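Asker: File upload29.csv below, CSV, C-alpha atoms:
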chain,number,residue,atom,x,y,z
A,173,MET,CA,14.7,-26.5,82.2
A,174,PHE,CA,13.1,-24.3,84.7
A,175,LEU,CA,10.6,-27.0,85.8
A,176,LEU,CA,13.5,-29.5,86.0
A,177,HIS,CA,15.3,-27.0,88.1
A,178,ILE,CA,12.6,-26.3,90.7
A,179,SER,CA,11.2,-29.9,90.9
A,180,ILE,CA,14.3,-32.1,90.8
A,181,PHE,CA,17.7,-30.3,90.9
A,182,SER,CA,16.9,-27.9,93.7
A,183,ARG,CA,16.1,-31.0,95.8
A,184,LEU,CA,19.6,-32.5,95.2
A,185,PRO,CA,21.8,-30.4,97.3
A,186,LEU,CA,25.6,-30.5,97.6
A,187,LEU,CA,26.1,-29.4,101.2
A,188,ASN,CA,23.5,-26.5,101.0
A,189,GLY,CA,24.3,-25.5,97.4
A,190,SER,CA,22.2,-26.5,94.4
A,191,PRO,CA,22.9,-26.3,90.6
A,192,ASP,CA,21.4,-23.5,88.5
A,193,LEU,CA,20.2,-25.1,85.3
A,194,LEU,CA,19.1,-21.8,83.8
A,195,LEU,CA,22.5,-20.2,84.2
A,196,LEU,CA,24.1,-23.3,82.6
A,197,SER,CA,21.6,-23.1,79.7
A,198,ILE,CA,22.2,-19.4,79.2
A,199,ALA,CA,26.0,-19.9,79.1
A,200,ALA,CA,25.8,-22.9,76.7
A,201,TRP,CA,23.2,-21.2,74.4
A,202,SER,CA,25.1,-17.9,74.2
A,203,LEU,CA,28.3,-19.7,73.2
A,204,ASN,CA,26.7,-20.6,69.9
A,205,GLU,CA,27.7,-17.9,67.3
A,206,LYS,CA,24.5,-18.3,65.3
A,207,VAL,CA,22.2,-17.6,68.3
A,208,ARG,CA,20.7,-14.2,68.0
A,209,PHE,CA,18.9,-12.4,70.9
A,210,GLY,CA,20.9,-14.3,73.5
A,211,PHE,CA,20.6,-11.3,75.8
A,212,ILE,CA,16.8,-11.4,75.5
A,213,TRP,CA,16.8,-15.1,76.5
A,214,ALA,CA,19.0,-14.3,79.5
A,215,MET,CA,16.6,-11.5,80.6
A,216,MET,CA,13.6,-13.8,80.1
A,217,CYS,CA,15.1,-16.5,82.2
A,218,GLY,CA,15.9,-13.8,84.9
A,219,ILE,CA,12.4,-12.6,84.9
A,220,ILE,CA,10.9,-16.1,85.2
A,221,MET,CA,13.3,-17.0,88.0
A,222,GLY,CA,12.7,-13.6,89.8
A,223,VAL,CA,8.9,-14.0,89.6
A,224,VAL,CA,8.8,-17.6,90.9
A,225,SER,CA,11.6,-17.4,93.5
A,226,ALA,CA,11.3,-15.4,96.7
A,227,ILE,CA,14.6,-13.7,96.0
A,228,PRO,CA,14.2,-10.1,94.7
A,229,VAL,CA,13.3,-10.1,91.0
A,230,TYR,CA,16.3,-8.0,89.9
A,231,VAL,CA,18.9,-10.5,91.3
A,232,PRO,CA,18.5,-13.2,88.7
A,233,ILE,CA,18.0,-10.5,85.9
A,234,ILE,CA,21.4,-8.9,86.8
A,235,GLY,CA,23.0,-12.3,87.5
A,236,TYR,CA,22.0,-13.8,84.1
A,237,GLY,CA,22.8,-10.6,82.3
A,238,PHE,CA,26.2,-10.7,83.8
A,239,THR,CA,26.7,-14.3,82.8
A,240,PHE,CA,25.7,-13.5,79.2
A,241,ILE,CA,28.3,-10.6,79.1
A,242,ILE,CA,31.0,-12.9,80.6
A,243,CYS,CA,30.1,-15.5,78.0
A,244,LYS,CA,30.5,-13.1,75.1
A,245,PHE,CA,33.7,-11.7,76.6
A,246,LEU,CA,35.3,-15.1,76.9
A,247,THR,CA,34.0,-16.4,73.6
A,248,LYS,CA,35.9,-13.6,71.8
A,249,ARG,CA,39.2,-14.4,73.6
A,250,ILE,CA,39.1,-18.2,73.6
A,251,TRP,CA,36.9,-18.9,70.5
A,252,GLN,CA,38.9,-22.1,69.6
A,253,ALA,CA,37.9,-23.9,72.9
A,254,PRO,CA,34.2,-23.4,73.6
A,255,ILE,CA,34.3,-25.9,76.4
A,256,LEU,CA,36.9,-23.8,78.2
A,257,ALA,CA,34.8,-20.7,77.6
A,258,MET,CA,31.8,-22.6,79.0
A,259,LEU,CA,33.7,-23.6,82.2
A,260,GLY,CA,35.0,-20.1,82.7
A,261,THR,CA,31.6,-18.5,82.1
A,262,VAL,CA,29.9,-21.0,84.5
A,263,PHE,CA,32.6,-20.5,87.2
A,264,ILE,CA,32.5,-16.7,87.1
A,265,GLY,CA,28.7,-16.5,86.5
A,266,SER,CA,28.0,-18.8,89.5
A,267,LEU,CA,30.3,-16.9,91.8
A,268,GLY,CA,28.7,-13.6,90.6
A,269,MET,CA,25.2,-14.9,91.1
A,270,GLY,CA,26.0,-16.3,94.6
A,271,PHE,CA,27.7,-13.2,95.9
A,272,LEU,CA,25.0,-10.9,94.4
A,273,SER,CA,22.3,-13.0,96.1
A,274,PHE,CA,24.2,-12.9,99.4
A,275,LEU,CA,24.7,-9.1,99.2
A,276,VAL,CA,21.1,-8.4,98.4
A,277,LEU,CA,19.7,-10.6,101.1
A,278,GLN,CA,22.2,-9.1,103.6
A,279,ILE,CA,21.1,-5.6,102.7
A,280,SER,CA,17.4,-6.6,102.9
A,281,GLY,CA,17.8,-7.6,106.5
A,282,SER,CA,18.7,-11.3,106.5
A,283,LEU,CA,21.5,-12.1,108.8
A,284,LEU,CA,23.7,-14.4,106.7
A,285,PRO,CA,27.1,-15.3,108.0
A,286,LEU,CA,29.7,-14.7,105.2
A,287,MET,CA,31.9,-17.7,105.8
A,288,ASP,CA,28.9,-20.1,106.1
A,289,SER,CA,27.4,-18.6,102.9
A,290,VAL,CA,30.6,-19.1,101.0
A,291,ASN,CA,31.5,-22.6,102.4
A,292,LEU,CA,28.0,-24.1,102.4
A,293,ILE,CA,26.2,-22.4,99.5
A,294,ILE,CA,28.3,-20.4,97.1
A,295,MET,CA,31.3,-22.7,96.6
A,296,PRO,CA,29.2,-26.0,96.5
A,297,SER,CA,26.8,-24.4,94.0
A,298,THR,CA,29.7,-23.2,91.8
A,299,LEU,CA,31.3,-26.7,91.9
A,300,TYR,CA,27.9,-28.3,91.1
A,301,ASN,CA,27.5,-26.0,88.2
A,302,VAL,CA,31.0,-26.6,86.9
A,303,ILE,CA,30.4,-30.4,87.1
A,304,LEU,CA,27.1,-30.1,85.2
A,305,SER,CA,28.4,-27.6,82.6
A,306,ILE,CA,29.9,-30.2,80.2
A,307,PRO,CA,26.7,-32.4,79.9
A,308,VAL,CA,24.5,-29.3,79.6
A,309,PHE,CA,26.9,-27.8,77.0
A,310,LEU,CA,26.7,-31.0,74.9
A,311,ILE,CA,22.9,-31.1,75.1
A,312,ILE,CA,22.4,-27.4,74.3
A,313,ARG,CA,25.0,-27.7,71.4
A,314,ASP,CA,23.0,-30.6,69.9
A,315,PHE,CA,19.8,-28.6,70.4
A,316,SER,CA,21.3,-25.5,68.8
A,317,GLN,CA,22.5,-27.5,65.8
A,318,TRP,CA,18.9,-28.8,65.4
A,319,VAL,CA,17.5,-25.2,65.6
A,320,TYR,CA,20.3,-23.7,63.4
A,321,PRO,CA,21.3,-26.6,61.0
A,322,VAL,CA,24.8,-26.3,59.4
A,323,GLU,CA,24.6,-25.5,55.7
A,324,PHE,CA,27.1,-27.1,53.4
A,325,GLU,CA,28.0,-25.6,50.0
A,326,LEU,CA,28.2,-28.1,47.2
B,108,MET,CA,9.1,-85.4,74.6
B,109,PRO,CA,9.8,-82.3,72.3
B,110,ARG,CA,6.1,-81.4,72.7
B,111,ASP,CA,6.5,-81.4,76.5
B,112,VAL,CA,9.5,-79.2,76.3
B,113,ALA,CA,7.6,-76.7,74.2
B,114,LEU,CA,4.7,-76.7,76.6
B,115,ILE,CA,7.0,-76.2,79.6
B,116,ARG,CA,8.8,-73.3,77.8
B,117,GLN,CA,5.5,-71.7,77.0
B,118,ARG,CA,4.3,-72.1,80.6
B,119,ASN,CA,7.6,-70.7,81.8
B,120,ALA,CA,7.2,-67.6,79.6
B,121,GLU,CA,3.6,-67.1,80.9
B,122,LEU,CA,4.7,-67.4,84.5
B,123,GLU,CA,7.6,-65.0,84.0
B,124,SER,CA,5.3,-62.4,82.5
B,125,GLU,CA,2.9,-63.0,85.5
B,126,VAL,CA,5.7,-62.5,87.9
B,127,ALA,CA,6.7,-59.2,86.2
B,128,ARG,CA,3.1,-58.0,86.3
B,129,LEU,CA,2.7,-58.9,90.0
B,130,THR,CA,6.0,-57.2,90.8
B,131,ARG,CA,4.8,-54.0,89.1
B,132,GLN,CA,1.6,-54.3,91.0
B,133,VAL,CA,3.4,-54.7,94.4
B,134,ILE,CA,5.5,-51.6,93.7
B,135,GLU,CA,2.4,-49.6,92.8
B,136,LEU,CA,0.5,-50.7,95.9
B,137,ARG,CA,3.5,-49.9,98.1
B,138,GLN,CA,3.6,-46.4,96.6
B,139,GLN,CA,-0.2,-46.0,97.2
B,140,LEU,CA,0.2,-47.4,100.8
B,141,GLN,CA,2.8,-44.8,101.5
B,142,GLU,CA,0.6,-42.0,100.1
B,143,VAL,CA,-2.4,-43.3,102.1
B,144,SER,CA,-0.4,-43.4,105.3
B,145,VAL,CA,0.7,-39.8,104.8
B,146,LEU,CA,-2.9,-38.7,104.1
B,147,TYR,CA,-4.2,-40.7,107.2
B,148,SER,CA,-1.7,-38.9,109.4
B,149,LEU,CA,-2.9,-35.6,108.0
B,150,LEU,CA,-6.5,-36.7,108.6
B,151,ASP,CA,-5.6,-37.6,112.2
B,152,PHE,CA,-4.2,-34.2,112.8
B,153,ALA,CA,-7.3,-32.6,111.3
B,154,ARG,CA,-9.5,-34.7,113.5
B,155,ALA,CA,-7.5,-33.9,116.6
B,156,ASN,CA,-7.7,-30.1,115.8
B,157,PRO,CA,-11.3,-29.7,114.6
B,158,GLU,CA,-11.4,-26.0,115.3
B,159,TYR,CA,-9.5,-25.3,112.1
B,160,GLU,CA,-10.6,-25.6,108.4
B,161,TYR,CA,-7.9,-27.3,106.3
B,162,SER,CA,-6.9,-27.6,102.7
B,163,ALA,CA,-4.5,-30.5,101.9
B,164,ALA,CA,-1.7,-29.8,99.4
B,165,ILE,CA,1.1,-31.6,97.8
B,166,ILE,CA,4.6,-30.1,97.6
B,167,ILE,CA,5.5,-29.7,94.0
B,168,GLY,CA,8.9,-27.9,94.1
B,169,LYS,CA,11.5,-26.0,96.0
B,170,ASP,CA,12.7,-22.5,95.6
B,171,PRO,CA,15.5,-22.4,93.1
B,172,SER,CA,17.7,-20.1,95.2
B,173,PRO,CA,19.9,-22.1,97.6
B,174,PHE,CA,19.9,-19.2,100.1
B,175,LEU,CA,16.2,-19.5,100.8
B,176,GLN,CA,14.0,-22.2,102.3
B,177,TYR,CA,10.7,-22.0,100.4
B,178,VAL,CA,8.6,-24.7,98.8
B,179,PHE,CA,5.8,-24.6,96.2
B,180,ILE,CA,2.4,-26.3,96.9
B,181,ASP,CA,-0.3,-27.3,94.4
B,182,GLN,CA,-3.1,-25.2,96.0
B,183,GLY,CA,-3.7,-21.5,95.4
B,184,SER,CA,-6.3,-18.7,95.4
B,185,ASP,CA,-8.7,-20.9,93.5
B,186,GLN,CA,-8.9,-23.1,96.6
B,187,GLY,CA,-9.3,-20.1,98.9
B,188,LEU,CA,-5.7,-19.7,100.0
B,189,TYR,CA,-4.3,-16.3,101.1
B,190,ARG,CA,-1.0,-14.9,102.0
B,191,GLY,CA,-0.1,-15.5,105.6
B,192,MET,CA,-2.0,-18.7,106.2
B,193,PRO,CA,-0.2,-21.2,108.5
B,194,VAL,CA,1.0,-24.5,107.0
B,195,VAL,CA,1.3,-27.6,109.1
B,196,THR,CA,1.8,-31.4,108.9
B,197,ALA,CA,0.6,-34.1,111.2
B,198,GLN,CA,3.9,-33.6,113.2
B,199,GLY,CA,3.9,-29.9,113.5
B,200,LEU,CA,4.5,-26.4,112.0
B,201,VAL,CA,5.9,-26.1,108.5
B,202,GLY,CA,5.7,-22.4,107.7
B,203,ARG,CA,3.3,-19.9,106.2
B,204,VAL,CA,1.9,-19.1,102.8
B,205,ASP,CA,4.1,-16.3,101.3
B,206,ALA,CA,2.7,-15.8,97.8
B,207,VAL,CA,-0.3,-17.1,96.0
B,208,ILE,CA,-1.4,-17.6,92.4
B,209,SER,CA,-4.5,-19.2,91.1
B,210,GLY,CA,-3.3,-22.8,91.2
B,211,ALA,CA,-0.2,-22.8,93.4
B,212,SER,CA,1.4,-21.1,96.4
B,213,ARG,CA,4.8,-20.4,97.7
B,214,VAL,CA,5.4,-21.4,101.4
B,215,GLN,CA,8.1,-19.9,103.6
B,216,LEU,CA,9.4,-22.6,105.8
B,217,ILE,CA,10.3,-21.9,109.5
B,218,THR,CA,13.9,-22.9,108.6
B,219,ASP,CA,14.2,-19.9,106.2
B,220,PRO,CA,16.8,-17.3,107.3
B,221,ARG,CA,14.2,-14.5,107.1
B,222,SER,CA,11.6,-16.5,109.2
B,223,SER,CA,10.9,-15.7,112.8
B,224,VAL,CA,8.2,-17.4,114.9
B,225,ASN,CA,7.0,-16.5,118.4
B,226,VAL,CA,7.2,-19.6,120.5
B,227,LYS,CA,7.0,-20.7,124.1
B,228,LEU,CA,8.6,-23.5,126.1
B,229,GLN,CA,6.1,-26.1,127.0
B,230,SER,CA,7.3,-26.6,130.6
B,231,SER,CA,7.7,-23.0,131.8
B,232,GLN,CA,5.5,-21.3,129.2
B,233,THR,CA,8.3,-18.8,128.7
B,234,GLU,CA,8.1,-16.8,125.5
B,235,ALA,CA,11.0,-16.8,123.0
B,236,LEU,CA,11.8,-16.3,119.4
B,237,LEU,CA,12.6,-19.0,116.8
B,238,VAL,CA,14.7,-18.0,113.8
B,239,GLY,CA,15.9,-20.0,110.8
B,240,SER,CA,19.2,-20.0,109.0
B,241,ILE,CA,20.8,-20.6,105.6
B,242,THR,CA,21.8,-24.2,106.7
B,243,GLY,CA,18.1,-25.0,107.5
B,244,ASP,CA,18.8,-25.2,111.2
B,245,ILE,CA,16.5,-23.4,113.6
B,246,THR,CA,17.6,-21.6,116.7
B,247,LEU,CA,15.7,-20.5,119.8
B,248,GLU,CA,16.6,-17.0,120.9
B,249,MET,CA,15.7,-14.3,123.4
B,250,VAL,CA,15.3,-16.8,126.3
B,251,PRO,CA,15.9,-15.0,129.6
B,252,GLN,CA,18.9,-16.1,131.5
B,253,ASP,CA,17.0,-17.1,134.6
B,254,VAL,CA,14.8,-19.6,132.8
B,255,PRO,CA,15.9,-23.2,133.1
B,256,LEU,CA,16.4,-24.5,129.5
B,257,ARG,CA,17.0,-28.2,129.3
B,258,ILE,CA,17.8,-30.5,126.4
B,259,GLY,CA,14.6,-32.2,125.2
B,260,GLU,CA,12.4,-29.2,126.1
B,261,ILE,CA,9.4,-29.1,123.8
B,262,ILE,CA,8.9,-25.9,121.7
B,263,LEU,CA,5.3,-24.8,120.7
B,264,THR,CA,4.0,-21.8,118.9
B,265,SER,CA,2.9,-19.1,121.4
B,266,GLY,CA,0.3,-17.3,119.2
B,267,LEU,CA,1.9,-13.9,120.0
B,268,GLY,CA,2.1,-11.6,117.1
B,269,GLY,CA,-0.9,-13.2,115.5
B,270,ALA,CA,1.0,-14.9,112.7
B,271,PHE,CA,0.5,-18.5,113.8
B,272,PRO,CA,-2.2,-20.3,115.9
B,273,PRO,CA,-1.0,-21.2,119.5
B,274,ASN,CA,0.2,-24.6,120.7
B,275,ILE,CA,1.4,-26.1,117.4
B,276,MET,CA,4.4,-28.3,118.0
B,277,ILE,CA,7.7,-27.2,116.4
B,278,GLY,CA,10.5,-29.3,117.9
B,279,GLN,CA,12.8,-30.1,120.8
B,280,VAL,CA,15.9,-28.3,122.2
B,281,ILE,CA,19.0,-30.3,121.4
B,282,ASN,CA,21.8,-27.9,122.5
B,283,VAL,CA,21.8,-25.0,124.9
B,284,ARG,CA,24.2,-22.0,124.7
B,285,LYS,CA,24.3,-20.0,127.9
B,286,ARG,CA,27.0,-17.4,128.6
B,287,GLN,CA,27.1,-15.3,131.7
B,288,ASN,CA,27.9,-12.1,129.8
B,289,ASP,CA,24.9,-12.4,127.4
B,290,LEU,CA,21.6,-10.9,128.0
B,291,PHE,CA,19.7,-13.9,126.8
B,292,GLN,CA,20.5,-17.6,126.3
B,293,SER,CA,19.9,-19.4,123.0
B,294,ALA,CA,19.5,-23.0,121.9
B,295,SER,CA,19.5,-25.2,118.8
B,296,VAL,CA,16.2,-26.8,118.1
B,297,GLN,CA,15.6,-30.1,116.3
B,298,PRO,CA,12.4,-29.6,114.2
B,299,ILE,CA,9.8,-32.3,114.5
B,300,VAL,CA,9.0,-32.0,110.8
B,301,ASP,CA,11.6,-33.6,108.5
B,302,PHE,CA,11.7,-30.9,105.8
B,303,SER,CA,13.7,-33.0,103.4
B,304,LYS,CA,11.0,-35.7,103.3
B,305,VAL,CA,7.7,-33.8,103.7
B,306,GLY,CA,5.5,-34.4,100.7
B,307,ALA,CA,2.0,-33.3,101.7
B,308,VAL,CA,0.9,-30.5,104.0
B,309,LEU,CA,-2.3,-28.9,105.5
B,310,VAL,CA,-3.0,-25.2,105.1
B,311,ILE,CA,-5.1,-23.8,107.9
B,312,LYS,CA,-7.7,-21.8,106.0
B,313,ASN,CA,-9.8,-20.2,108.7
B,314,PHE,CA,-6.9,-18.7,110.7
B,315,LYS,CA,-6.5,-15.0,109.7
B,316,PRO,CA,-3.1,-13.7,110.4
B,317,ILE,CA,-3.2,-10.3,112.2
B,318,ASP,CA,-1.7,-7.3,110.3
B,319,PHE,CA,-0.4,-4.8,112.8
B,320,SER,CA,0.5,-2.2,110.2
B,321,PRO,CA,-2.8,-0.1,110.7
B,322,LEU,CA,-1.9,0.2,114.4
B,323,ARG,CA,0.2,3.3,114.0
B,324,PRO,CA,0.1,6.1,116.6
B,325,ALA,CA,-2.3,8.8,115.6
B,326,PRO,CA,-0.8,12.1,114.7
B,327,SER,CA,-0.7,14.5,117.7
B,328,ARG,CA,-3.1,17.5,117.6
Give the structure from the file, written as structure tokens.
Answerer:
Amino acid sequence: MFLLHISIFSRLPLLNGSPDLLLLSIAAWSLNEKVRFGFIWAMMCGIIMGVVSAIPVYVPIIGYGFTFIICKFLTKRIWQAPILAMLGTVFIGSLGMGFLSFLVLQISGSLLPLMDSVNLIIMPSTLYNVILSIPVFLIIRDFSQWVYPVEFEL
Amino acid sequence: MPRDVALIRQRNAELESEVARLTRQVIELRQQLQEVSVLYSLLDFARANPEYEYSAAIIIGKDPSPFLQYVFIDQGSDQGLYRGMPVVTAQGLVGRVDAVISGASRVQLITDPRSSVNVKLQSSQTEALLVGSITGDITLEMVPQDVPLRIGEIILTSGLGGAFPPNIMIGQVINVRKRQNDLFQSASVQPIVDFSKVGAVLVIKNFKPIDFSPLRPAPSR
């Protein structure tokens, strides 16, 4: 997922925004009730992203951790509609990640205009993530059923 | 007659398979030709600037954060790359090496919002500063008000600051912003390198960027 992300999807911009496949994967993976250590996976993805990207390492760690917490919060409230929980998680998680990145870069000295950042990066990235959330959800759900096969009682 | 039809059908199938093979070959050769033309242009640049030692690298990825303009190349410390080395193409300046591991490096493009390059105008030799932005556009700043700044003006690296070698082409002025109340005028610059299409780059290995951090004032006695 990460290699796909840096080699292909980061080169397919919508305005200046790009999708975050790791965030989508974390959201879809954490929606599965049988998945254990989901938070560890989110932290690992954050560390990988933080080490490779030029953005400070704590930004993706906090962003993905926040996405995981939102996912668990929404799953408890709308457990009957996992796709709705996925869309909500991706929407809130993408906005959180975008604004956190903006804030950290602004504090670290980069002069980023707020309106340009919102219009050209944060909103297009969020839209991109929401569009891709359904296919990623379906792929990850199939994968999780393969990892945790459903047991039938005879 | 039926035998002729069978022979013609067999011949037709053979020819169709031959056409498919040749079509595949044409596509492969076109791809190779494209790669060779890129490598030739890099070689031309290296021949035109023999004072530098180069390492050719392929761009293998882009930074996952949409706020930043960084790319990854397939050469690292195993090939003698260090942090701060300038990166160019046959057209002009691309950026500088920002981080290195054994087999790959991360390059900060000149379009990155945290990038700033000391430049000069080719006609007047006036010094200025080139900064990037989140949209990938680059802007010329700190140009004195009395300097004539025209559309089409060529921008080159100045070498000041010791981060880049001098006289590497960056781009052309496309839009000048001059207001009477401002201390300096600024301009939008069209980079000569198309950053969305660049696939191979050259890293200048024998240029050592100067680190000014040891030049601190000595404590008073």
Asker: Check the smallest atom-to-atom distance from each of A:Gln317, A:Ser273, A:Thr261, A:Gln278 to Ala226 of chain A using only C-alpha atoms, then report the winner.
Answerer: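 Smallest distance to Ala226 of chain A is found for A:Ser273.
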Asker: Using only C-alpha atoms, which residues sit within 8 Å of Val231 of chain A once same-chain residues fewer than 2 positions away are excluded, as a PyMOL selection string?
Answerer: chain A and resi 218+222+227-229+233-235+269+272-273+276
Asker: Would you kindly return, as a list of chain:residue names, each protein, DNA or RNA residue with an atom no farther than 8 Å from any atom of segment 303-318 of chain B, considering all atoms listed in the file and excluding same-chain residues fewer than 3 positions away?
Answerer: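 These residues fall inside the cut-off: B:Val145, B:Leu146, B:Leu149, B:Tyr159, B:Glu160, B:Tyr161, B:Ser162, B:Ala163, B:Ala164, B:Ile165, B:Ile166, B:Gly187, B:Leu188, B:Gly191, B:Met192, B:Pro193, B:Val194, B:Val195, B:Thr196, B:Gly268, B:Gly269, B:Ala270, B:Phe271, B:Pro272, B:Val300, B:Pro321.
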Asker: With 9 Å as the limit and counting only C-alpha atoms, what residues in chain B lie close to chain A? Please list them as a list in words.
Answerer: Ile167, Gly168, Lys169, Asp170, Pro171, Ser172, Pro173, Phe174, Leu175, Tyr177, Phe179, Asp205, Ala206, Arg213, Gln215, Pro220, Arg221, Ser240, Ile241, Thr242, Gly243 and Ser303 of chain B
Asker: Which residues, protein or nucleic acid, reach to within 12 Å of (22.0, -19.3, 80.0) in the file's coordinates when using all atoms listed in the file, and can you give that as a PyMOL selection string?
Answerer: chain A and resi 173-174+192-204+207+209-218+232-233+235-244+258+261-262+265-266+301+305+308-309+312
Asker: For atom CA of Ser316 of chain A and atom CA of Leu267 of chain A, determine how far apart the two atoms are, in Å to one decimal place.
Answerer: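 Those two atoms sit 26.2 Å apart.
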Asker: What separation in Å, quoted to one decimal, exists between atom CA of Ile245 of chain B and atom CA of Asp289 of chain B?
Answerer: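 Atom CA of Ile245 of chain B sits 19.5 Å away from atom CA of Asp289 of chain B.
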Asker: One decimal, in Å: what's the spacing between atom CA of Gly210 of chain B and atom CA of Tyr189 of chain B?
Answerer: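 Between these atoms lies a distance of 11.9 Å.
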Asker: Please write out, as JSON, where the centre of an axis-aligned box around all listed atoms of segment 139-149 of chain B lies and how long its edges are, in Å to one decimal, after adding 6 Å on each side.
Answerer:
{"center_x": -0.7, "center_y": -41.5, "center_z": 103.3, "size_x": 19.0, "size_y": 23.8, "size_z": 24.2}
Asker: What would the list of residues within 6 Å of (-3.5, -19.1, 93.9) (file frame) look like as a list of chain:residue names, if all atoms listed in the file are what count?
Answerer: B:Gly183, B:Ser184, B:Asp185, B:Val207, B:Ile208, B:Ser209, B:Gly210, B:Ala211, B:Ser212
Asker: With all atoms listed in the file as the counted atoms, please give the residues lying no more than 10 Å from Gly278 of chain B, apart from itself and same-chain residues fewer than 5 positions off, as a PyMOL selection string.
Answerer: chain B and resi 198-200+245+259-264+295-300
Asker: Add whatever atoms are absent from segment 267-281 of chain A to reach N, CA and C atoms, and provide the output as a PDB file, in the coordinates of the input.
Answerer:
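Below you can see part35.pdb, which holds the result:
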ATOM      1  N   LEU A 267      29.749 -17.686  90.675  1.00  0.00           N
ATOM      2  CA  LEU A 267      30.300 -16.900  91.800  1.00  0.00           C
ATOM      3  C   LEU A 267      29.565 -15.530  91.855  1.00  0.00           C
ATOM      4  N   GLY A 268      29.404 -14.904  90.678  1.00  0.00           N
ATOM      5  CA  GLY A 268      28.700 -13.600  90.600  1.00  0.00           C
ATOM      6  C   GLY A 268      27.319 -13.681  91.149  1.00  0.00           C
ATOM      7  N   MET A 269      26.591 -14.695  90.697  1.00  0.00           N
ATOM      8  CA  MET A 269      25.200 -14.900  91.100  1.00  0.00           C
ATOM      9  C   MET A 269      25.119 -15.132  92.628  1.00  0.00           C
ATOM     10  N   GLY A 270      26.035 -15.968  93.127  1.00  0.00           N
ATOM     11  CA  GLY A 270      26.000 -16.300  94.600  1.00  0.00           C
ATOM     12  C   GLY A 270      26.319 -15.084  95.420  1.00  0.00           C
ATOM     13  N   PHE A 271      27.353 -14.331  95.061  1.00  0.00           N
ATOM     14  CA  PHE A 271      27.700 -13.200  95.900  1.00  0.00           C
ATOM     15  C   PHE A 271      26.661 -12.063  95.764  1.00  0.00           C
ATOM     16  N   LEU A 272      26.053 -11.926  94.579  1.00  0.00           N
ATOM     17  CA  LEU A 272      25.000 -10.900  94.400  1.00  0.00           C
ATOM     18  C   LEU A 272      23.790 -11.276  95.302  1.00  0.00           C
ATOM     19  N   SER A 273      23.399 -12.556  95.298  1.00  0.00           N
ATOM     20  CA  SER A 273      22.300 -13.000  96.100  1.00  0.00           C
ATOM     21  C   SER A 273      22.589 -12.725  97.605  1.00  0.00           C
ATOM     22  N   PHE A 274      23.818 -13.083  97.999  1.00  0.00           N
ATOM     23  CA  PHE A 274      24.200 -12.900  99.400  1.00  0.00           C
ATOM     24  C   PHE A 274      24.138 -11.398  99.772  1.00  0.00           C
ATOM     25  N   LEU A 275      24.667 -10.552  98.890  1.00  0.00           N
ATOM     26  CA  LEU A 275      24.700  -9.100  99.200  1.00  0.00           C
ATOM     27  C   LEU A 275      23.293  -8.540  99.288  1.00  0.00           C
ATOM     28  N   VAL A 276      22.432  -8.909  98.354  1.00  0.00           N
ATOM     29  CA  VAL A 276      21.100  -8.400  98.400  1.00  0.00           C
ATOM     30  C   VAL A 276      20.306  -8.833  99.593  1.00  0.00           C
ATOM     31  N   LEU A 277      20.439 -10.126  99.939  1.00  0.00           N
ATOM     32  CA  LEU A 277      19.700 -10.600 101.100  1.00  0.00           C
ATOM     33  C   LEU A 277      20.280  -9.989 102.388  1.00  0.00           C
ATOM     34  N   GLN A 278      21.581  -9.755 102.410  1.00  0.00           N
ATOM     35  CA  GLN A 278      22.200  -9.100 103.600  1.00  0.00           C
ATOM     36  C   GLN A 278      21.667  -7.688 103.729  1.00  0.00           C
ATOM     37  N   ILE A 279      21.586  -6.960 102.611  1.00  0.00           N
ATOM     38  CA  ILE A 279      21.100  -5.600 102.700  1.00  0.00           C
ATOM     39  C   ILE A 279      19.612  -5.552 103.051  1.00  0.00           C
ATOM     40  N   SER A 280      18.859  -6.574 102.583  1.00  0.00           N
ATOM     41  CA  SER A 280      17.400  -6.600 102.900  1.00  0.00           C
ATOM     42  C   SER A 280      17.094  -7.044 104.283  1.00  0.00           C
ATOM     43  N   GLY A 281      18.107  -7.328 105.086  1.00  0.00           N
ATOM     44  CA  GLY A 281      17.800  -7.600 106.500  1.00  0.00           C
ATOM     45  C   GLY A 281      18.081  -9.018 106.961  1.00  0.00           C
TER      46      GLY A 281
END
